[in-house]
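What's in run.cif: mmCIF, C-alpha atoms
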data_query
#
loop_
_atom_site.group_PDB
_atom_site.id
_atom_site.type_symbol
_atom_site.label_atom_id
_atom_site.label_comp_id
_atom_site.auth_asym_id
_atom_site.auth_seq_id
_atom_site.Cartn_x
_atom_site.Cartn_y
_atom_site.Cartn_z
ATOM 1 C CA GLY P 1 -2.491 10.795 12.643
ATOM 2 C CA GLU P 2 0.683 9.432 11.087
ATOM 3 C CA ASN P 3 2.458 11.300 8.279
ATOM 4 C CA VAL P 4 5.183 9.661 6.167
ATOM 5 C CA GLU P 5 7.530 11.698 3.959
ATOM 6 C CA GLN P 6 9.635 9.945 1.309
ATOM 7 C CA HIS P 7 12.648 11.184 -0.685
ATOM 8 C CA PRO P 8 13.654 11.388 -3.445
ATOM 9 C CA SER P 9 10.640 11.167 -5.723
ATOM 10 C CA THR P 10 12.858 9.938 -8.578
ATOM 11 C CA LEU P 11 16.248 8.242 -8.357
ATOM 12 C CA SER P 12 18.398 7.263 -11.330
ATOM 13 C CA VAL P 13 21.484 5.108 -10.758
ATOM 14 C CA GLN P 14 23.901 3.182 -12.936
ATOM 15 C CA GLU P 15 23.480 -0.572 -13.010
ATOM 16 C CA GLY P 16 25.709 -2.077 -10.332
ATOM 17 C CA ASP P 17 25.671 1.016 -8.134
ATOM 18 C CA SER P 18 23.792 1.363 -4.839
ATOM 19 C CA ALA P 19 20.480 3.143 -4.287
ATOM 20 C CA VAL P 20 19.210 4.684 -1.048
ATOM 21 C CA ILE P 21 15.642 5.848 -0.384
ATOM 22 C CA LYS P 22 14.782 7.707 2.813
ATOM 23 C CA CYS P 23 11.567 8.120 4.803
ATOM 24 C CA THR P 24 10.580 10.036 7.894
ATOM 25 C CA TYR P 25 7.490 9.508 10.045
ATOM 26 C CA SER P 26 5.713 11.646 12.607
ATOM 27 C CA ASP P 27 3.966 9.295 15.069
ATOM 28 C CA SER P 28 6.300 8.025 17.792
ATOM 29 C CA ALA P 29 3.854 5.155 18.412
ATOM 30 C CA SER P 30 4.664 3.646 14.990
ATOM 31 C CA ASN P 31 6.869 0.596 15.263
ATOM 32 C CA TYR P 32 6.367 -1.379 12.052
ATOM 33 C CA PHE P 33 7.939 -0.151 8.807
ATOM 34 C CA PRO P 34 7.488 -2.138 5.574
ATOM 35 C CA TRP P 35 8.811 -1.389 2.098
ATOM 36 C CA TYR P 36 6.818 -2.281 -1.008
ATOM 37 C CA LYS P 37 7.924 -2.496 -4.644
ATOM 38 C CA GLN P 38 5.349 -1.738 -7.318
ATOM 39 C CA GLU P 39 5.934 -2.322 -11.008
ATOM 40 C CA LEU P 40 3.774 -0.478 -13.521
ATOM 41 C CA GLY P 41 0.202 -1.762 -13.415
ATOM 42 C CA LYS P 42 1.017 -4.390 -10.778
ATOM 43 C CA ARG P 43 0.185 -4.905 -7.131
ATOM 44 C CA PRO P 44 2.508 -3.607 -4.365
ATOM 45 C CA GLN P 45 4.861 -6.417 -3.281
ATOM 46 C CA LEU P 46 6.412 -6.496 0.188
ATOM 47 C CA ILE P 47 10.201 -6.671 -0.172
ATOM 48 C CA ILE P 48 11.402 -6.124 3.396
ATOM 49 C CA ASP P 49 10.124 -4.826 6.728
ATOM 50 C CA ILE P 50 11.540 -3.827 10.080
ATOM 51 C CA ARG P 51 10.174 -3.524 13.562
ATOM 52 C CA SER P 52 11.338 -1.013 16.130
ATOM 53 C CA ASN P 53 13.158 -3.531 18.289
ATOM 54 C CA VAL P 54 15.980 -3.732 15.721
ATOM 55 C CA GLY P 55 18.028 -1.064 13.980
ATOM 56 C CA GLU P 56 18.891 -2.889 10.777
ATOM 57 C CA LYS P 57 17.703 -5.845 8.717
ATOM 58 C CA LYS P 58 19.248 -7.321 5.600
ATOM 59 C CA ASP P 59 18.018 -9.704 2.909
ATOM 60 C CA GLN P 60 20.564 -10.387 0.171
ATOM 61 C CA ARG P 61 20.986 -7.095 -1.764
ATOM 62 C CA ILE P 62 18.342 -5.244 0.208
ATOM 63 C CA ALA P 63 18.700 -3.710 3.675
ATOM 64 C CA VAL P 64 16.610 -1.399 5.816
ATOM 65 C CA THR P 65 17.872 0.777 8.664
ATOM 66 C CA LEU P 66 15.765 2.440 11.348
ATOM 67 C CA ASN P 67 16.544 5.362 13.652
ATOM 68 C CA LYS P 68 13.666 5.625 16.124
ATOM 69 C CA THR P 69 15.089 8.657 17.861
ATOM 70 C CA ALA P 70 15.200 10.641 14.639
ATOM 71 C CA LYS P 71 12.038 8.940 13.286
ATOM 72 C CA HIS P 72 13.547 7.962 9.985
ATOM 73 C CA PHE P 73 14.200 4.748 8.108
ATOM 74 C CA SER P 74 15.949 3.978 4.848
ATOM 75 C CA LEU P 75 16.018 1.337 2.120
ATOM 76 C CA HIS P 76 19.390 0.353 0.684
ATOM 77 C CA ILE P 77 19.729 -1.651 -2.523
ATOM 78 C CA THR P 78 23.242 -2.748 -3.495
ATOM 79 C CA GLU P 79 24.525 -4.008 -6.865
ATOM 80 C CA THR P 80 21.419 -2.711 -8.611
ATOM 81 C CA GLN P 81 20.054 -4.643 -11.576
ATOM 82 C CA PRO P 82 17.615 -3.665 -14.365
ATOM 83 C CA GLU P 83 14.819 -5.629 -12.668
ATOM 84 C CA ASP P 84 15.104 -3.340 -9.645
ATOM 85 C CA SER P 85 13.501 -0.566 -11.736
ATOM 86 C CA ALA P 86 10.098 0.148 -10.145
ATOM 87 C CA VAL P 87 8.334 2.482 -7.724
ATOM 88 C CA TYR P 88 9.213 1.856 -4.079
ATOM 89 C CA PHE P 89 6.932 2.848 -1.199
ATOM 90 C CA CYS P 90 7.737 3.081 2.477
ATOM 91 C CA ALA P 91 4.992 2.800 5.077
ATOM 92 C CA ALA P 92 4.463 2.925 8.826
ATOM 93 C CA LYS P 93 1.959 1.821 11.438
ATOM 94 C CA GLU P 94 1.667 0.845 15.072
ATOM 95 C CA GLY P 95 2.942 -2.703 15.169
ATOM 96 C CA GLY P 96 1.467 -5.836 16.659
ATOM 97 C CA GLY P 97 -2.059 -5.393 15.443
ATOM 98 C CA ALA P 98 -4.118 -5.174 12.287
ATOM 99 C CA ASP P 99 -4.101 -1.445 11.579
ATOM 100 C CA GLY P 100 -3.965 0.421 8.297
ATOM 101 C CA LEU P 101 -0.627 1.452 6.820
ATOM 102 C CA THR P 102 0.329 5.066 6.121
ATOM 103 C CA PHE P 103 2.371 5.225 2.914
ATOM 104 C CA GLY P 104 4.908 7.664 1.531
ATOM 105 C CA LYS P 105 4.403 9.088 -1.959
ATOM 106 C CA GLY P 106 6.861 6.707 -3.566
ATOM 107 C CA THR P 107 10.249 6.788 -5.268
ATOM 108 C CA HIS P 108 10.606 5.951 -8.936
ATOM 109 C CA LEU P 109 13.899 4.049 -9.163
ATOM 110 C CA ILE P 110 15.462 3.946 -12.618
ATOM 111 C CA ILE P 111 18.424 1.657 -13.265
ATOM 112 C CA GLN P 112 20.510 2.928 -16.176
ATOM 113 C CA PRO P 113 22.262 0.166 -18.176
ATOM 114 C CA GLY L 114 -1.357 -20.734 -2.583
ATOM 115 C CA ALA L 115 -3.771 -18.232 -4.069
ATOM 116 C CA GLY L 116 -3.152 -14.591 -3.307
ATOM 117 C CA VAL L 117 -5.600 -11.756 -2.826
ATOM 118 C CA SER L 118 -7.880 -11.384 -5.834
ATOM 119 C CA GLN L 119 -10.039 -8.447 -6.903
ATOM 120 C CA THR L 120 -12.816 -8.089 -9.450
ATOM 121 C CA PRO L 121 -13.327 -6.446 -11.808
ATOM 122 C CA SER L 122 -9.810 -5.473 -12.869
ATOM 123 C CA ASN L 123 -11.211 -2.428 -14.649
ATOM 124 C CA LYS L 124 -14.477 -0.574 -14.206
ATOM 125 C CA VAL L 125 -15.655 2.368 -16.303
ATOM 126 C CA THR L 126 -18.791 4.146 -15.149
ATOM 127 C CA GLU L 127 -20.585 7.416 -15.617
ATOM 128 C CA LYS L 128 -20.774 10.197 -13.087
ATOM 129 C CA GLY L 129 -23.620 9.611 -10.644
ATOM 130 C CA LYS L 130 -23.731 5.827 -11.035
ATOM 131 C CA TYR L 131 -23.305 3.210 -8.301
ATOM 132 C CA VAL L 132 -20.397 0.741 -8.335
ATOM 133 C CA GLU L 133 -19.345 -2.312 -6.351
ATOM 134 C CA LEU L 134 -15.792 -3.594 -6.131
ATOM 135 C CA ARG L 135 -15.034 -7.064 -4.808
ATOM 136 C CA CYS L 136 -12.101 -8.458 -2.855
ATOM 137 C CA ASP L 137 -11.292 -12.100 -2.092
ATOM 138 C CA PRO L 138 -8.628 -12.262 0.635
ATOM 139 C CA ILE L 139 -6.096 -15.012 1.194
ATOM 140 C CA SER L 140 -7.876 -17.966 2.770
ATOM 141 C CA GLY L 141 -7.756 -17.802 6.563
ATOM 142 C CA HIS L 142 -6.766 -14.135 6.742
ATOM 143 C CA THR L 143 -8.899 -12.455 9.380
ATOM 144 C CA ALA L 144 -7.996 -8.855 8.589
ATOM 145 C CA LEU L 145 -8.947 -7.154 5.303
ATOM 146 C CA TYR L 146 -8.063 -3.642 4.170
ATOM 147 C CA TRP L 147 -9.157 -1.271 1.427
ATOM 148 C CA TYR L 148 -6.836 1.408 0.054
ATOM 149 C CA ARG L 149 -7.156 3.918 -2.775
ATOM 150 C CA GLN L 150 -4.194 4.810 -4.996
ATOM 151 C CA SER L 151 -4.307 7.879 -7.196
ATOM 152 C CA LEU L 152 -1.854 8.318 -10.062
ATOM 153 C CA GLY L 153 1.653 9.033 -8.800
ATOM 154 C CA GLN L 154 0.694 8.608 -5.135
ATOM 155 C CA GLY L 155 1.067 5.983 -2.456
ATOM 156 C CA PRO L 156 -1.914 3.900 -1.363
ATOM 157 C CA GLU L 157 -4.261 5.772 0.958
ATOM 158 C CA PHE L 158 -5.976 3.806 3.742
ATOM 159 C CA LEU L 159 -9.784 3.679 3.580
ATOM 160 C CA ILE L 160 -11.097 0.992 5.945
ATOM 161 C CA TYR L 161 -10.160 -2.272 7.593
ATOM 162 C CA PHE L 162 -12.133 -5.253 8.855
ATOM 163 C CA GLN L 163 -11.275 -7.653 11.619
ATOM 164 C CA GLY L 164 -13.575 -10.566 10.889
ATOM 165 C CA THR L 165 -17.001 -9.250 9.893
ATOM 166 C CA GLY L 166 -16.823 -5.882 11.622
ATOM 167 C CA ALA L 167 -15.270 -2.658 10.415
ATOM 168 C CA ALA L 168 -12.583 -2.028 13.020
ATOM 169 C CA ASP L 169 -11.500 1.325 11.542
ATOM 170 C CA ASP L 170 -13.341 3.243 8.807
ATOM 171 C CA SER L 171 -11.648 6.574 9.462
ATOM 172 C CA GLY L 172 -10.173 6.724 5.956
ATOM 173 C CA LEU L 173 -13.479 6.667 4.070
ATOM 174 C CA PRO L 174 -13.669 10.100 2.407
ATOM 175 C CA ASN L 175 -17.440 10.625 2.816
ATOM 176 C CA ASP L 176 -20.738 8.805 3.233
ATOM 177 C CA ARG L 177 -20.880 7.842 -0.452
ATOM 178 C CA PHE L 178 -18.352 5.126 0.375
ATOM 179 C CA PHE L 179 -19.352 1.993 2.246
ATOM 180 C CA ALA L 180 -17.850 -1.468 2.656
ATOM 181 C CA VAL L 181 -19.131 -4.789 3.952
ATOM 182 C CA ARG L 182 -17.698 -8.169 4.829
ATOM 183 C CA PRO L 183 -20.768 -10.152 5.905
ATOM 184 C CA GLU L 184 -19.173 -13.581 6.371
ATOM 185 C CA GLY L 185 -15.692 -12.543 7.374
ATOM 186 C CA SER L 186 -14.128 -13.448 4.033
ATOM 187 C CA VAL L 187 -15.095 -11.655 0.792
ATOM 188 C CA SER L 188 -15.551 -7.901 1.021
ATOM 189 C CA THR L 189 -17.356 -5.432 -1.216
ATOM 190 C CA LEU L 190 -16.555 -1.723 -1.453
ATOM 191 C CA LYS L 191 -19.598 0.254 -2.552
ATOM 192 C CA ILE L 192 -19.512 3.768 -3.986
ATOM 193 C CA GLN L 193 -22.739 5.691 -4.508
ATOM 194 C CA ARG L 194 -23.256 8.672 -6.822
ATOM 195 C CA THR L 195 -19.749 8.371 -8.254
ATOM 196 C CA GLU L 196 -17.796 11.529 -9.027
ATOM 197 C CA ARG L 197 -14.871 12.067 -11.413
ATOM 198 C CA GLY L 198 -12.598 12.532 -8.395
ATOM 199 C CA ASP L 199 -13.311 8.936 -7.356
ATOM 200 C CA SER L 200 -11.252 7.710 -10.319
ATOM 201 C CA ALA L 201 -8.301 5.740 -8.931
ATOM 202 C CA VAL L 202 -7.010 2.213 -8.381
ATOM 203 C CA TYR L 203 -8.743 0.582 -5.428
ATOM 204 C CA LEU L 204 -6.462 -1.909 -3.687
ATOM 205 C CA CYS L 205 -7.426 -4.609 -1.243
ATOM 206 C CA ALA L 206 -5.017 -6.279 1.180
ATOM 207 C CA SER L 207 -5.322 -9.015 3.776
ATOM 208 C CA SER L 208 -3.332 -10.213 6.763
ATOM 209 C CA LEU L 209 -3.436 -12.872 9.447
ATOM 210 C CA GLY L 210 -4.181 -10.134 11.943
ATOM 211 C CA GLY L 211 -0.589 -9.094 12.424
ATOM 212 C CA ASP L 212 1.645 -6.645 10.638
ATOM 213 C CA THR L 213 2.272 -8.115 7.187
ATOM 214 C CA GLN L 214 -0.265 -7.116 4.552
ATOM 215 C CA TYR L 215 -0.549 -8.779 1.142
ATOM 216 C CA PHE L 216 -2.063 -6.766 -1.657
ATOM 217 C CA GLY L 217 -4.362 -7.684 -4.512
ATOM 218 C CA PRO L 218 -3.897 -6.453 -8.093
ATOM 219 C CA GLY L 219 -6.440 -3.666 -7.660
ATOM 220 C CA THR L 220 -9.495 -2.437 -9.541
ATOM 221 C CA ARG L 221 -8.948 0.559 -11.794
ATOM 222 C CA LEU L 222 -12.072 2.724 -11.536
ATOM 223 C CA THR L 223 -12.684 5.389 -14.164
ATOM 224 C CA VAL L 224 -15.600 7.780 -13.721
ATOM 225 C CA LEU L 225 -16.491 9.614 -16.919
#
For the structure just supplied, provide its representation as structure tokens.
Amino acid sequence: GENVEQHPSTLSVQEGDSAVIKCTYSDSASNYFPWYKQELGKRPQLIIDIRSNVGEKKDQRIAVTLNKTAKHFSLHITETQPEDSAVYFCAAKEGGGADGLTFGKGTHLIIQP
Amino acid sequence: GAGVSQTPSNKVTEKGKYVELRCDPISGHTALYWYRQSLGQGPEFLIYFQGTGAADDSGLPNDRFFAVRPEGSVSTLKIQRTERGDSAVYLCASSLGGDTQYFGPGTRLTVL
């Protein structure tokens, strides 16, 4: 089955700086890669996703890049703000159908004022 | 519109007891998923339904866990003879049958 590794487990950055979180996956059949943000005690919220037919996707301060050959994808947050502090999870699955997601272990992002 | 809802939000039970956790998906969503999230971990897939049938139950840890979705909408996750290791947040998600999954707030289960 699929295995998703996520790094780092904790990331502390100064407000206004950029943050990068990286994930690798094992199953070459995976072609859908979402990122979720989870605040303490809250539900995971989808913030951006990418499918394997594109290499990069951007939404305001958030971008995701995908390298299918190397089987890794990354989340980039620019101009970080205090409200970006949360745990971020990457996930993977075979796209196009209703299958379960395989999640990474999460990255605790801390924005220092 | 209304998102995915789950009840109860918290459930405390004693070892050996039976519990039921409920999920109300987004109206019209045909696919429904159950995940389990332990402290400091990512959600772990348990089972998913396409309509009324369990399309993939490969994530259920053992036969104490069972889930139903009799009318293709609301789903119930049932855990028999609960153990302390079952303590976790149980998350439900739904989708239109494609990729994007929307999560509920979860039920925090504590087994004493």
Provide as a compact mmCIF listing (two decimals) with C-alpha atoms, in the coordinates of the input the residues of chain P at most 12 Å from chain L, counting all atoms listed in the file.
# COMPACT_ATOMS: atom_id res chain seq x y z
CA GLY P 1 -2.49 10.80 12.64
CA GLU P 2 0.68 9.43 11.09
CA ASN P 3 2.46 11.30 8.28
CA VAL P 4 5.18 9.66 6.17
CA GLU P 5 7.53 11.70 3.96
CA GLN P 6 9.64 9.94 1.31
CA SER P 9 10.64 11.17 -5.72
CA THR P 10 12.86 9.94 -8.58
CA SER P 30 4.66 3.65 14.99
CA ASN P 31 6.87 0.60 15.26
CA TYR P 32 6.37 -1.38 12.05
CA PHE P 33 7.94 -0.15 8.81
CA PRO P 34 7.49 -2.14 5.57
CA TRP P 35 8.81 -1.39 2.10
CA TYR P 36 6.82 -2.28 -1.01
CA LYS P 37 7.92 -2.50 -4.64
CA GLN P 38 5.35 -1.74 -7.32
CA GLU P 39 5.93 -2.32 -11.01
CA LEU P 40 3.77 -0.48 -13.52
CA GLY P 41 0.20 -1.76 -13.42
CA LYS P 42 1.02 -4.39 -10.78
CA ARG P 43 0.18 -4.90 -7.13
CA PRO P 44 2.51 -3.61 -4.36
CA GLN P 45 4.86 -6.42 -3.28
CA LEU P 46 6.41 -6.50 0.19
CA ILE P 47 10.20 -6.67 -0.17
CA ILE P 48 11.40 -6.12 3.40
CA ASP P 49 10.12 -4.83 6.73
CA ILE P 50 11.54 -3.83 10.08
CA ARG P 51 10.17 -3.52 13.56
CA VAL P 87 8.33 2.48 -7.72
CA TYR P 88 9.21 1.86 -4.08
CA PHE P 89 6.93 2.85 -1.20
CA CYS P 90 7.74 3.08 2.48
CA ALA P 91 4.99 2.80 5.08
CA ALA P 92 4.46 2.92 8.83
CA LYS P 93 1.96 1.82 11.44
CA GLU P 94 1.67 0.84 15.07
CA GLY P 95 2.94 -2.70 15.17
CA GLY P 96 1.47 -5.84 16.66
CA GLY P 97 -2.06 -5.39 15.44
CA ALA P 98 -4.12 -5.17 12.29
CA ASP P 99 -4.10 -1.44 11.58
CA GLY P 100 -3.96 0.42 8.30
CA LEU P 101 -0.63 1.45 6.82
CA THR P 102 0.33 5.07 6.12
CA PHE P 103 2.37 5.22 2.91
CA GLY P 104 4.91 7.66 1.53
CA LYS P 105 4.40 9.09 -1.96
CA GLY P 106 6.86 6.71 -3.57
CA THR P 107 10.25 6.79 -5.27
CA HIS P 108 10.61 5.95 -8.94
Seminar exercise, completed: What separates atom CA of Ser118 of chain L and atom CA of Ile62 of chain P is a distance of 27.6 Å
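Among the candidate residues L:Gln150, L:Thr223, L:Thr165, L:Asn123, the one lying nearest to Gly185 of chain L is L:Thr165, with distances computed using all atoms listed in the file.
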Problem set entry | the PyMOL selection byres ((chain L and resi 178) around 6) applied to the shown file, residues as a PyMOL selection string | chain L and resi 176-177+179+191-192
Restrict the selected residues to C-alpha atoms and save them as a short mmCIF file (atom, residue, chain, number, x, y, z; two decimals), in the coordinates of the input.
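Everything below was put into result.cif:
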data_model
loop_
_atom_site.label_atom_id
_atom_site.label_comp_id
_atom_site.auth_asym_id
_atom_site.auth_seq_id
_atom_site.Cartn_x
_atom_site.Cartn_y
_atom_site.Cartn_z
CA ASP L 176 -20.74 8.80 3.23
CA ARG L 177 -20.88 7.84 -0.45
CA PHE L 179 -19.35 1.99 2.25
CA LYS L 191 -19.60 0.25 -2.55
CA ILE L 192 -19.51 3.77 -3.99
#
For this session: Measure the distance from atom CA of Lys130 of chain L to atom CA of Ser186 of chain L in Å and round it to one decimal.
Result: 26.3 Å
Exercise. Using the chain letters and numbers from the file, which residues does the PyMOL selection byres ((chain P and resi 64-68) around 10) grab, as JSON, numbers by chain?
Worked result: {"P": [20, 21, 22, 23, 24, 25, 28, 30, 31, 33, 34, 35, 48, 49, 50, 51, 52, 53, 54, 55, 56, 57, 58, 59, 62, 63, 69, 70, 71, 72, 73, 74, 75, 76, 77]}
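Take the PyMOL selection byres ((chain P and resi 110) around 9) and apply it to this file: it picks P:Thr10, P:Leu11, P:Ser12, P:Val13, P:Gln14, P:Pro82, P:Asp84, P:Ser85, P:Ala86, P:Val87, P:His108, P:Leu109, P:Ile111, P:Gln112.
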Find the spatial neighbours of Leu190 of chain L, counting only C-alpha atoms, within a cut-off of 9 Å - ignore same-chain residues fewer than 3 positions away - and output them as a PDB file with C-alpha atoms, in the coordinates of the input.
ATOM      1  CA  VAL L 132     -20.397   0.741  -8.335  1.00  0.00           C
ATOM      2  CA  GLU L 133     -19.345  -2.312  -6.351  1.00  0.00           C
ATOM      3  CA  LEU L 134     -15.792  -3.594  -6.131  1.00  0.00           C
ATOM      4  CA  ARG L 135     -15.034  -7.064  -4.808  1.00  0.00           C
ATOM      5  CA  CYS L 136     -12.101  -8.458  -2.855  1.00  0.00           C
ATOM      6  CA  TRP L 147      -9.157  -1.271   1.427  1.00  0.00           C
ATOM      7  CA  PHE L 178     -18.352   5.126   0.375  1.00  0.00           C
ATOM      8  CA  PHE L 179     -19.352   1.993   2.246  1.00  0.00           C
ATOM      9  CA  ALA L 180     -17.850  -1.468   2.656  1.00  0.00           C
ATOM     10  CA  VAL L 181     -19.131  -4.789   3.952  1.00  0.00           C
TER      11      VAL L 181
END
For this session: Could you give me, as a list of chain:residue names, the residues within 8 Å of Gly16 of chain P, counting only C-alpha atoms and dropping anything in the same chain fewer than 5 positions from it?
Result: P:Thr78, P:Glu79, P:Thr80, P:Gln81
